[in-house]
file input-v8.cif (mmCIF, N, CA and C atoms)
data_my_file
loop_
_atom_site.label_atom_id
_atom_site.label_comp_id
_atom_site.auth_asym_id
_atom_site.auth_seq_id
_atom_site.Cartn_x
_atom_site.Cartn_y
_atom_site.Cartn_z
N MET A 19 0.84 -1.19 0.00
CA MET A 19 0.00 0.00 0.00
C MET A 19 0.88 1.24 0.00
N SER A 20 0.43 2.22 -0.71
CA SER A 20 1.20 3.45 -0.77
C SER A 20 0.97 4.29 0.48
N ARG A 21 1.86 5.22 0.66
CA ARG A 21 1.75 6.13 1.80
C ARG A 21 0.45 6.92 1.73
N GLU A 22 0.08 7.36 0.54
CA GLU A 22 -1.16 8.14 0.38
C GLU A 22 -2.39 7.30 0.72
N ARG A 23 -2.38 6.05 0.33
CA ARG A 23 -3.51 5.15 0.62
C ARG A 23 -3.60 4.87 2.13
N ASN A 24 -2.45 4.65 2.77
CA ASN A 24 -2.44 4.45 4.22
C ASN A 24 -2.96 5.69 4.94
N SER A 25 -2.58 6.84 4.46
CA SER A 25 -3.03 8.10 5.04
C SER A 25 -4.55 8.22 4.94
N GLN A 26 -5.08 7.90 3.77
CA GLN A 26 -6.54 7.93 3.57
C GLN A 26 -7.24 6.94 4.50
N LEU A 27 -6.69 5.75 4.61
CA LEU A 27 -7.30 4.72 5.45
C LEU A 27 -7.37 5.15 6.91
N LEU A 28 -6.31 5.74 7.41
CA LEU A 28 -6.31 6.20 8.81
C LEU A 28 -7.38 7.27 9.03
N LEU A 29 -7.51 8.18 8.07
CA LEU A 29 -8.53 9.23 8.22
C LEU A 29 -9.94 8.65 8.13
N ILE A 30 -10.14 7.67 7.27
CA ILE A 30 -11.46 7.05 7.15
C ILE A 30 -11.83 6.33 8.44
N VAL A 31 -10.89 5.59 9.02
CA VAL A 31 -11.16 4.90 10.29
C VAL A 31 -11.44 5.92 11.39
N SER A 32 -10.68 7.00 11.43
CA SER A 32 -10.91 8.05 12.43
C SER A 32 -12.29 8.68 12.25
N ALA A 33 -12.69 8.90 11.01
CA ALA A 33 -14.01 9.48 10.74
C ALA A 33 -15.13 8.54 11.19
N ILE A 34 -15.00 7.26 10.86
CA ILE A 34 -16.02 6.28 11.25
C ILE A 34 -16.12 6.19 12.77
N LEU A 35 -14.98 6.11 13.45
CA LEU A 35 -15.00 6.04 14.92
C LEU A 35 -15.62 7.29 15.52
N SER A 36 -15.28 8.45 14.99
CA SER A 36 -15.81 9.70 15.53
C SER A 36 -17.32 9.77 15.39
N ILE A 37 -17.83 9.42 14.23
CA ILE A 37 -19.28 9.47 14.02
C ILE A 37 -19.99 8.40 14.84
N ALA A 38 -19.38 7.23 14.98
CA ALA A 38 -19.97 6.17 15.81
C ALA A 38 -20.05 6.60 17.28
N ILE A 39 -19.05 7.30 17.75
CA ILE A 39 -19.07 7.80 19.13
C ILE A 39 -20.19 8.82 19.30
N ALA A 40 -20.34 9.71 18.35
CA ALA A 40 -21.42 10.71 18.43
C ALA A 40 -22.78 10.02 18.49
N ILE A 41 -22.95 8.98 17.69
CA ILE A 41 -24.22 8.24 17.70
C ILE A 41 -24.42 7.54 19.04
N ALA A 42 -23.37 6.94 19.57
CA ALA A 42 -23.49 6.25 20.87
C ALA A 42 -23.84 7.23 21.98
N LEU A 43 -23.27 8.43 21.93
CA LEU A 43 -23.58 9.43 22.95
C LEU A 43 -25.05 9.83 22.88
N VAL A 44 -25.54 10.05 21.67
CA VAL A 44 -26.94 10.47 21.50
C VAL A 44 -27.90 9.33 21.86
N ALA A 45 -27.56 8.11 21.49
CA ALA A 45 -28.48 6.99 21.69
C ALA A 45 -28.46 6.44 23.11
N SER A 46 -27.33 6.52 23.78
CA SER A 46 -27.23 5.84 25.07
C SER A 46 -26.92 6.76 26.24
N ILE A 47 -25.94 7.60 26.10
CA ILE A 47 -25.46 8.37 27.25
C ILE A 47 -26.41 9.52 27.59
N ILE A 48 -26.79 10.32 26.63
CA ILE A 48 -27.62 11.50 26.93
C ILE A 48 -28.97 11.11 27.54
N PRO A 49 -29.68 10.08 27.03
CA PRO A 49 -30.92 9.70 27.71
C PRO A 49 -30.70 9.20 29.14
N SER A 50 -29.62 8.44 29.36
CA SER A 50 -29.33 7.94 30.71
C SER A 50 -29.03 9.07 31.67
N VAL A 51 -28.25 10.04 31.23
CA VAL A 51 -27.88 11.16 32.10
C VAL A 51 -29.09 12.05 32.36
N THR A 52 -29.95 12.21 31.37
CA THR A 52 -31.13 13.06 31.53
C THR A 52 -32.07 12.50 32.60
N THR A 53 -32.23 11.18 32.64
CA THR A 53 -33.15 10.57 33.59
C THR A 53 -32.51 10.24 34.93
N GLU A 54 -31.22 10.45 35.07
CA GLU A 54 -30.51 10.12 36.30
C GLU A 54 -30.77 11.17 37.37
N HIS A 55 -31.11 10.73 38.57
CA HIS A 55 -31.42 11.65 39.66
C HIS A 55 -30.54 11.33 40.87
N GLU A 56 -29.32 11.73 40.82
CA GLU A 56 -28.39 11.53 41.93
C GLU A 56 -28.38 12.79 42.78
N ARG A 57 -28.33 12.60 44.09
CA ARG A 57 -28.26 13.77 44.96
C ARG A 57 -26.99 14.57 44.66
N GLY A 58 -27.17 15.84 44.52
CA GLY A 58 -26.03 16.72 44.25
C GLY A 58 -25.58 16.70 42.80
N GLY A 59 -26.20 15.87 41.98
CA GLY A 59 -25.81 15.79 40.58
C GLY A 59 -26.41 16.93 39.77
N THR A 60 -25.80 17.21 38.66
CA THR A 60 -26.30 18.26 37.76
C THR A 60 -26.49 17.67 36.37
N PRO A 61 -27.60 16.93 36.17
CA PRO A 61 -27.78 16.28 34.87
C PRO A 61 -27.89 17.26 33.71
N ILE A 62 -28.45 18.46 33.95
CA ILE A 62 -28.59 19.42 32.85
C ILE A 62 -27.21 19.87 32.37
N THR A 63 -26.32 20.15 33.28
CA THR A 63 -24.95 20.55 32.90
C THR A 63 -24.24 19.42 32.18
N ALA A 64 -24.43 18.20 32.67
CA ALA A 64 -23.79 17.05 32.03
C ALA A 64 -24.35 16.83 30.62
N VAL A 65 -25.64 17.00 30.45
CA VAL A 65 -26.25 16.82 29.13
C VAL A 65 -25.69 17.85 28.15
N ILE A 66 -25.57 19.08 28.59
CA ILE A 66 -25.00 20.12 27.72
C ILE A 66 -23.56 19.76 27.33
N ALA A 67 -22.79 19.28 28.30
CA ALA A 67 -21.41 18.89 28.01
C ALA A 67 -21.37 17.73 27.02
N PHE A 68 -22.25 16.76 27.17
CA PHE A 68 -22.27 15.64 26.23
C PHE A 68 -22.72 16.08 24.84
N TRP A 69 -23.64 17.05 24.74
CA TRP A 69 -24.02 17.57 23.42
C TRP A 69 -22.84 18.28 22.76
N LEU A 70 -22.03 18.97 23.55
CA LEU A 70 -20.82 19.59 22.99
C LEU A 70 -19.85 18.52 22.49
N ASP A 71 -19.75 17.41 23.23
CA ASP A 71 -18.91 16.30 22.78
C ASP A 71 -19.44 15.70 21.48
N VAL A 72 -20.76 15.57 21.37
CA VAL A 72 -21.37 15.07 20.14
C VAL A 72 -20.99 15.98 18.97
N ALA A 73 -21.09 17.29 19.18
CA ALA A 73 -20.72 18.25 18.12
C ALA A 73 -19.25 18.11 17.76
N ALA A 74 -18.39 17.98 18.75
CA ALA A 74 -16.95 17.84 18.48
C ALA A 74 -16.66 16.58 17.67
N PHE A 75 -17.27 15.47 18.04
CA PHE A 75 -17.04 14.22 17.30
C PHE A 75 -17.63 14.27 15.90
N LEU A 76 -18.79 14.90 15.73
CA LEU A 76 -19.37 15.03 14.39
C LEU A 76 -18.51 15.91 13.49
N VAL A 77 -18.06 17.05 14.01
CA VAL A 77 -17.21 17.94 13.22
C VAL A 77 -15.90 17.23 12.85
N SER A 78 -15.31 16.54 13.82
CA SER A 78 -14.07 15.80 13.54
C SER A 78 -14.30 14.73 12.49
N GLY A 79 -15.38 13.97 12.63
CA GLY A 79 -15.67 12.92 11.65
C GLY A 79 -15.89 13.47 10.26
N ILE A 80 -16.62 14.56 10.16
CA ILE A 80 -16.87 15.17 8.85
C ILE A 80 -15.58 15.69 8.24
N LEU A 81 -14.76 16.37 9.04
CA LEU A 81 -13.50 16.89 8.51
C LEU A 81 -12.54 15.77 8.12
N PHE A 82 -12.46 14.72 8.94
CA PHE A 82 -11.59 13.59 8.58
C PHE A 82 -12.05 12.94 7.28
N ALA A 83 -13.36 12.78 7.11
CA ALA A 83 -13.88 12.20 5.87
C ALA A 83 -13.58 13.10 4.68
N ARG A 84 -13.72 14.39 4.88
CA ARG A 84 -13.43 15.34 3.79
C ARG A 84 -11.94 15.32 3.43
N PHE A 85 -11.09 15.28 4.46
CA PHE A 85 -9.64 15.23 4.20
C PHE A 85 -9.28 13.92 3.49
N ALA A 86 -9.95 12.82 3.82
CA ALA A 86 -9.65 11.54 3.17
C ALA A 86 -10.10 11.53 1.71
N ARG A 87 -11.15 12.29 1.40
CA ARG A 87 -11.65 12.34 0.02
C ARG A 87 -10.71 13.08 -0.90
N THR A 88 -9.92 14.01 -0.38
CA THR A 88 -9.00 14.80 -1.21
C THR A 88 -7.57 14.56 -0.74
N PRO A 89 -7.02 13.37 -1.02
CA PRO A 89 -5.70 13.04 -0.49
C PRO A 89 -4.56 13.81 -1.14
N GLY A 90 -4.75 14.30 -2.36
CA GLY A 90 -3.67 15.00 -3.04
C GLY A 90 -3.37 16.36 -2.45
N ARG A 91 -4.35 16.93 -1.79
CA ARG A 91 -4.17 18.27 -1.21
C ARG A 91 -3.65 18.15 0.21
N THR A 92 -2.36 18.20 0.36
CA THR A 92 -1.80 18.21 1.71
C THR A 92 -1.13 19.55 1.91
N GLY A 93 -1.27 20.09 3.03
CA GLY A 93 -0.65 21.35 3.37
C GLY A 93 -0.49 21.46 4.86
N ARG A 94 0.27 22.45 5.25
CA ARG A 94 0.51 22.63 6.68
C ARG A 94 -0.78 22.88 7.46
N GLY A 95 -1.68 23.68 6.89
CA GLY A 95 -2.92 23.97 7.59
C GLY A 95 -3.76 22.73 7.81
N ARG A 96 -3.84 21.91 6.80
CA ARG A 96 -4.62 20.67 6.91
C ARG A 96 -3.98 19.70 7.90
N ARG A 97 -2.67 19.56 7.83
CA ARG A 97 -1.98 18.69 8.78
C ARG A 97 -2.13 19.21 10.20
N THR A 98 -2.05 20.53 10.35
CA THR A 98 -2.20 21.13 11.67
C THR A 98 -3.59 20.87 12.23
N TRP A 99 -4.62 21.07 11.42
CA TRP A 99 -5.99 20.84 11.89
C TRP A 99 -6.22 19.38 12.23
N THR A 100 -5.68 18.48 11.43
CA THR A 100 -5.83 17.06 11.72
C THR A 100 -5.17 16.71 13.05
N CYS A 101 -3.99 17.26 13.27
CA CYS A 101 -3.27 16.99 14.52
C CYS A 101 -4.01 17.59 15.72
N ILE A 102 -4.52 18.80 15.58
CA ILE A 102 -5.26 19.45 16.68
C ILE A 102 -6.53 18.67 16.99
N LEU A 103 -7.28 18.28 15.96
CA LEU A 103 -8.50 17.51 16.19
C LEU A 103 -8.18 16.16 16.83
N GLY A 104 -7.11 15.52 16.38
CA GLY A 104 -6.71 14.25 16.98
C GLY A 104 -6.37 14.39 18.45
N ALA A 105 -5.62 15.44 18.78
CA ALA A 105 -5.27 15.67 20.19
C ALA A 105 -6.51 15.97 21.02
N ALA A 106 -7.45 16.71 20.43
CA ALA A 106 -8.70 17.00 21.15
C ALA A 106 -9.50 15.73 21.40
N LEU A 107 -9.53 14.82 20.44
CA LEU A 107 -10.25 13.56 20.63
C LEU A 107 -9.60 12.71 21.72
N ILE A 108 -8.29 12.72 21.78
CA ILE A 108 -7.60 11.99 22.85
C ILE A 108 -7.96 12.59 24.20
N PHE A 109 -7.97 13.91 24.30
CA PHE A 109 -8.33 14.58 25.55
C PHE A 109 -9.77 14.29 25.95
N ILE A 110 -10.69 14.36 25.00
CA ILE A 110 -12.10 14.06 25.30
C ILE A 110 -12.24 12.61 25.75
N GLY A 111 -11.49 11.71 25.12
CA GLY A 111 -11.53 10.31 25.54
C GLY A 111 -11.09 10.14 26.99
N LEU A 112 -10.06 10.87 27.38
CA LEU A 112 -9.63 10.82 28.79
C LEU A 112 -10.70 11.38 29.71
N CYS A 113 -11.38 12.42 29.28
CA CYS A 113 -12.48 12.98 30.07
C CYS A 113 -13.62 11.98 30.20
N PHE A 114 -13.87 11.20 29.15
CA PHE A 114 -14.90 10.16 29.21
C PHE A 114 -14.57 9.12 30.28
N LEU A 115 -13.29 8.81 30.44
CA LEU A 115 -12.91 7.85 31.48
C LEU A 115 -13.26 8.38 32.86
N ASP A 116 -13.04 9.67 33.07
CA ASP A 116 -13.40 10.29 34.35
C ASP A 116 -14.90 10.25 34.57
N ALA A 117 -15.66 10.56 33.53
CA ALA A 117 -17.12 10.53 33.63
C ALA A 117 -17.62 9.10 33.86
N ALA A 118 -16.99 8.13 33.21
CA ALA A 118 -17.39 6.74 33.41
C ALA A 118 -17.17 6.31 34.85
N ASP A 119 -16.06 6.73 35.42
CA ASP A 119 -15.78 6.41 36.82
C ASP A 119 -16.83 7.04 37.74
N ALA A 120 -17.18 8.28 37.46
CA ALA A 120 -18.18 8.96 38.29
C ALA A 120 -19.54 8.29 38.17
N TYR A 121 -19.95 7.93 36.96
CA TYR A 121 -21.26 7.30 36.79
C TYR A 121 -21.28 5.87 37.33
N PHE A 122 -20.15 5.20 37.34
CA PHE A 122 -20.09 3.86 37.89
C PHE A 122 -20.42 3.88 39.38
N ARG A 123 -20.07 4.95 40.05
CA ARG A 123 -20.34 5.09 41.49
C ARG A 123 -21.79 5.46 41.77
N HIS A 124 -22.57 5.79 40.75
CA HIS A 124 -23.96 6.20 40.96
C HIS A 124 -24.91 5.02 41.09
N GLY A 125 -24.42 3.84 40.96
CA GLY A 125 -25.27 2.68 41.15
C GLY A 125 -25.49 1.88 39.89
N PRO A 126 -26.24 0.79 40.03
CA PRO A 126 -26.42 -0.12 38.89
C PRO A 126 -27.21 0.49 37.72
N GLU A 127 -28.05 1.48 37.99
CA GLU A 127 -28.82 2.08 36.88
C GLU A 127 -27.93 2.86 35.92
N MET A 128 -26.75 3.25 36.36
CA MET A 128 -25.83 3.98 35.48
C MET A 128 -24.66 3.11 35.01
N ALA A 129 -24.73 1.80 35.30
CA ALA A 129 -23.63 0.91 34.92
C ALA A 129 -23.48 0.80 33.40
N VAL A 130 -24.61 0.75 32.70
CA VAL A 130 -24.54 0.65 31.23
C VAL A 130 -23.94 1.93 30.65
N ALA A 131 -24.36 3.08 31.15
CA ALA A 131 -23.81 4.34 30.67
C ALA A 131 -22.31 4.40 30.94
N SER A 132 -21.91 3.90 32.09
CA SER A 132 -20.49 3.89 32.42
C SER A 132 -19.69 3.02 31.45
N ARG A 133 -20.23 1.86 31.13
CA ARG A 133 -19.53 0.97 30.19
C ARG A 133 -19.49 1.55 28.78
N VAL A 134 -20.58 2.16 28.37
CA VAL A 134 -20.59 2.80 27.04
C VAL A 134 -19.56 3.93 26.99
N LEU A 135 -19.45 4.69 28.08
CA LEU A 135 -18.45 5.76 28.10
C LEU A 135 -17.02 5.21 28.03
N ILE A 136 -16.78 4.06 28.65
CA ILE A 136 -15.44 3.45 28.55
C ILE A 136 -15.15 3.06 27.11
N VAL A 137 -16.13 2.46 26.44
CA VAL A 137 -15.95 2.10 25.02
C VAL A 137 -15.73 3.35 24.18
N CYS A 138 -16.50 4.41 24.45
CA CYS A 138 -16.33 5.67 23.72
C CYS A 138 -14.96 6.28 23.99
N ALA A 139 -14.48 6.16 25.21
CA ALA A 139 -13.16 6.69 25.55
C ALA A 139 -12.06 5.98 24.77
N VAL A 140 -12.15 4.67 24.70
CA VAL A 140 -11.15 3.89 23.96
C VAL A 140 -11.22 4.22 22.46
N ALA A 141 -12.44 4.25 21.93
CA ALA A 141 -12.61 4.54 20.50
C ALA A 141 -12.17 5.97 20.17
N GLY A 142 -12.49 6.92 21.05
CA GLY A 142 -12.06 8.30 20.83
C GLY A 142 -10.55 8.46 20.89
N GLY A 143 -9.95 7.77 21.86
CA GLY A 143 -8.48 7.80 21.93
C GLY A 143 -7.84 7.20 20.70
N LEU A 144 -8.40 6.08 20.23
CA LEU A 144 -7.88 5.45 19.02
C LEU A 144 -8.05 6.35 17.80
N ALA A 145 -9.22 6.97 17.66
CA ALA A 145 -9.44 7.89 16.54
C ALA A 145 -8.46 9.05 16.60
N GLY A 146 -8.23 9.59 17.79
CA GLY A 146 -7.28 10.69 17.94
C GLY A 146 -5.86 10.28 17.61
N ILE A 147 -5.45 9.11 18.09
CA ILE A 147 -4.08 8.62 17.82
C ILE A 147 -3.89 8.40 16.32
N LEU A 148 -4.88 7.79 15.67
CA LEU A 148 -4.77 7.56 14.22
C LEU A 148 -4.67 8.88 13.46
N ALA A 149 -5.43 9.88 13.89
CA ALA A 149 -5.38 11.19 13.22
C ALA A 149 -4.02 11.85 13.42
N VAL A 150 -3.49 11.78 14.62
CA VAL A 150 -2.18 12.38 14.88
C VAL A 150 -1.09 11.66 14.09
N VAL A 151 -1.15 10.33 14.04
CA VAL A 151 -0.18 9.57 13.25
C VAL A 151 -0.28 9.96 11.78
N GLN A 152 -1.50 10.08 11.29
CA GLN A 152 -1.69 10.47 9.89
C GLN A 152 -1.12 11.85 9.63
N ALA A 153 -1.37 12.78 10.53
CA ALA A 153 -0.94 14.17 10.31
C ALA A 153 0.56 14.32 10.44
N CYS A 154 1.15 13.65 11.38
CA CYS A 154 2.57 13.87 11.68
C CYS A 154 3.51 12.95 10.92
N TRP A 155 3.05 11.79 10.54
CA TRP A 155 3.96 10.83 9.95
C TRP A 155 3.64 10.53 8.50
N LEU A 156 2.41 10.15 8.22
CA LEU A 156 2.08 9.72 6.87
C LEU A 156 1.83 10.87 5.90
N ALA A 157 1.42 12.02 6.38
CA ALA A 157 1.04 13.11 5.48
C ALA A 157 2.20 14.02 5.13
N ARG A 158 3.41 13.63 5.53
CA ARG A 158 4.55 14.46 5.17
C ARG A 158 4.74 14.48 3.65
N PRO A 159 5.05 15.63 3.11
CA PRO A 159 5.30 15.68 1.66
C PRO A 159 6.48 14.78 1.29
N VAL A 160 6.52 14.35 0.07
CA VAL A 160 7.55 13.43 -0.40
C VAL A 160 8.94 14.01 -0.22
N ALA A 161 9.12 15.31 -0.48
CA ALA A 161 10.43 15.95 -0.34
C ALA A 161 10.92 15.87 1.11
N GLU A 162 10.04 16.07 2.07
CA GLU A 162 10.43 15.99 3.48
C GLU A 162 10.81 14.57 3.86
N SER A 163 10.10 13.57 3.33
CA SER A 163 10.38 12.19 3.70
C SER A 163 11.70 11.71 3.10
N ARG A 164 12.13 12.28 1.98
CA ARG A 164 13.41 11.91 1.38
C ARG A 164 14.58 12.48 2.17
N GLU A 165 14.38 13.66 2.77
CA GLU A 165 15.45 14.29 3.54
C GLU A 165 15.74 13.54 4.83
N SER A 166 14.73 12.93 5.44
CA SER A 166 14.94 12.27 6.73
C SER A 166 15.38 10.85 6.59
#
call {"tool": "encode", "arguments": {"input": "input-v8.cif", "output": "structure tokens"}}
result
Amino acid sequence: MSRERNSQLLLIVSAILSIAIAIALVASIIPSVTTEHERGGTPITAVIAFWLDVAAFLVSGILFARFARTPGRTGRGRRTWTCILGAALIFIGLCFLDAADAYFRHGPEMAVASRVLIVCAVAGGLAGILAVVQACWLARPVAESRES
């Protein structure tokens, strides 16, 4: 496989994972958090935060898919955005682990939400790592790769 094809493949996998995470958040996490009534909890704030995560994953997925569709156009701006989005997905994945731990302590009714968040955290981290690898390693112009 060529470097360009590998680069496209990594972006496609990152796009699919990002959109799948957004769907999982909308289908499973947001309804669970909305109906959760823990003392001292703030489900409205958590729901807003999860909707922001949905938006971040959708935007990342759409941009990764768009970048994969036009593999010939590589530039610093595109590589920079891919790397920034990948790092953001890794960070959000780590935040999901914290939320999963918190919801796990809320009792058995939030156990499913906690497990879904762990899966989303792993998938988000993987999508972010693949995007960063694509941006920093595979998307280097041919002239740069010959020099190193």
call {"tool": "closest_residue", "arguments": {"input": "input-v8.cif", "among": "A:Ala42, A:Leu144, A:Leu76, A:Val137", "to": "Leu107 in chain A", "atoms": "all atoms listed in the file"}}
result
A:Leu144
call {"tool": "resolve_selection", "arguments": {"input": "input-v8.cif", "expression": "the PyMOL selection byres ((chain A and resi 143) around 7)", "output": "list in words"}}
result
Leu107, Ile108, Phe109, Ile110, Gly111, Leu112, Cys138, Ala139, Val140, Ala141, Gly142, Leu144, Ala145, Gly146, Ile147 and Leu148 of chain A
call {"tool": "atom_distance", "arguments": {"input": "input-v8.cif", "atom1": "CA of Ala117 in chain A", "atom2": "CA of Thr52 in chain A"}}
result
14.4 Å
call {"tool": "select_by_dssp", "arguments": {"input": "input-v8.cif", "residues": "chain A", "states": "alpha helix (DSSP H)", "output": "MDAnalysis selection string"}}
result
chainID A and resid 21:42 48:53 61:87 94:122 129:151 160:165
call {"tool": "residues_around", "arguments": {"input": "input-v8.cif", "residues": "range 121-131 of chain A", "least_positions_apart": "2", "cutoff": "8 Å", "atoms": "all atoms listed in the file", "output": "list in words"}}
result
Ser46, Ile47, Ile48, Ser50, Val51, Glu54, Glu56, Leu115, Asp116, Ala117, Ala118, Asp119, Arg133, Val134, Leu135, Ile136 and Val137 of chain A
call {"tool": "atom_distance", "arguments": {"input": "input-v8.cif", "atom1": "atom C of Gln152 in chain A", "atom2": "atom C of Ile80 in chain A"}}
result
15.0 Å
call {"tool": "residues_around", "arguments": {"input": "input-v8.cif", "residues": "Ile30 in chain A", "least_positions_apart": "4", "cutoff": "7 Å", "atoms": "only N, CA and C atoms", "output": "ChimeraX atom specification"}}
result
/A:25-26,34-35,82-83,86
call {"tool": "closest_residue", "arguments": {"input": "input-v8.cif", "among": "A:Ala120, A:Ala74, A:Leu81, A:Val151", "to": "Cys101 in chain A", "atoms": "only C-alpha atoms"}}
result
A:Val151
call {"tool": "residues_around", "arguments": {"input": "input-v8.cif", "residues": "Val72 in chain A", "least_positions_apart": "5", "cutoff": "6.5 Å", "atoms": "only N, CA and C atoms", "output": "PyMOL selection string"}}
result
chain A and resi 39-40+67+77
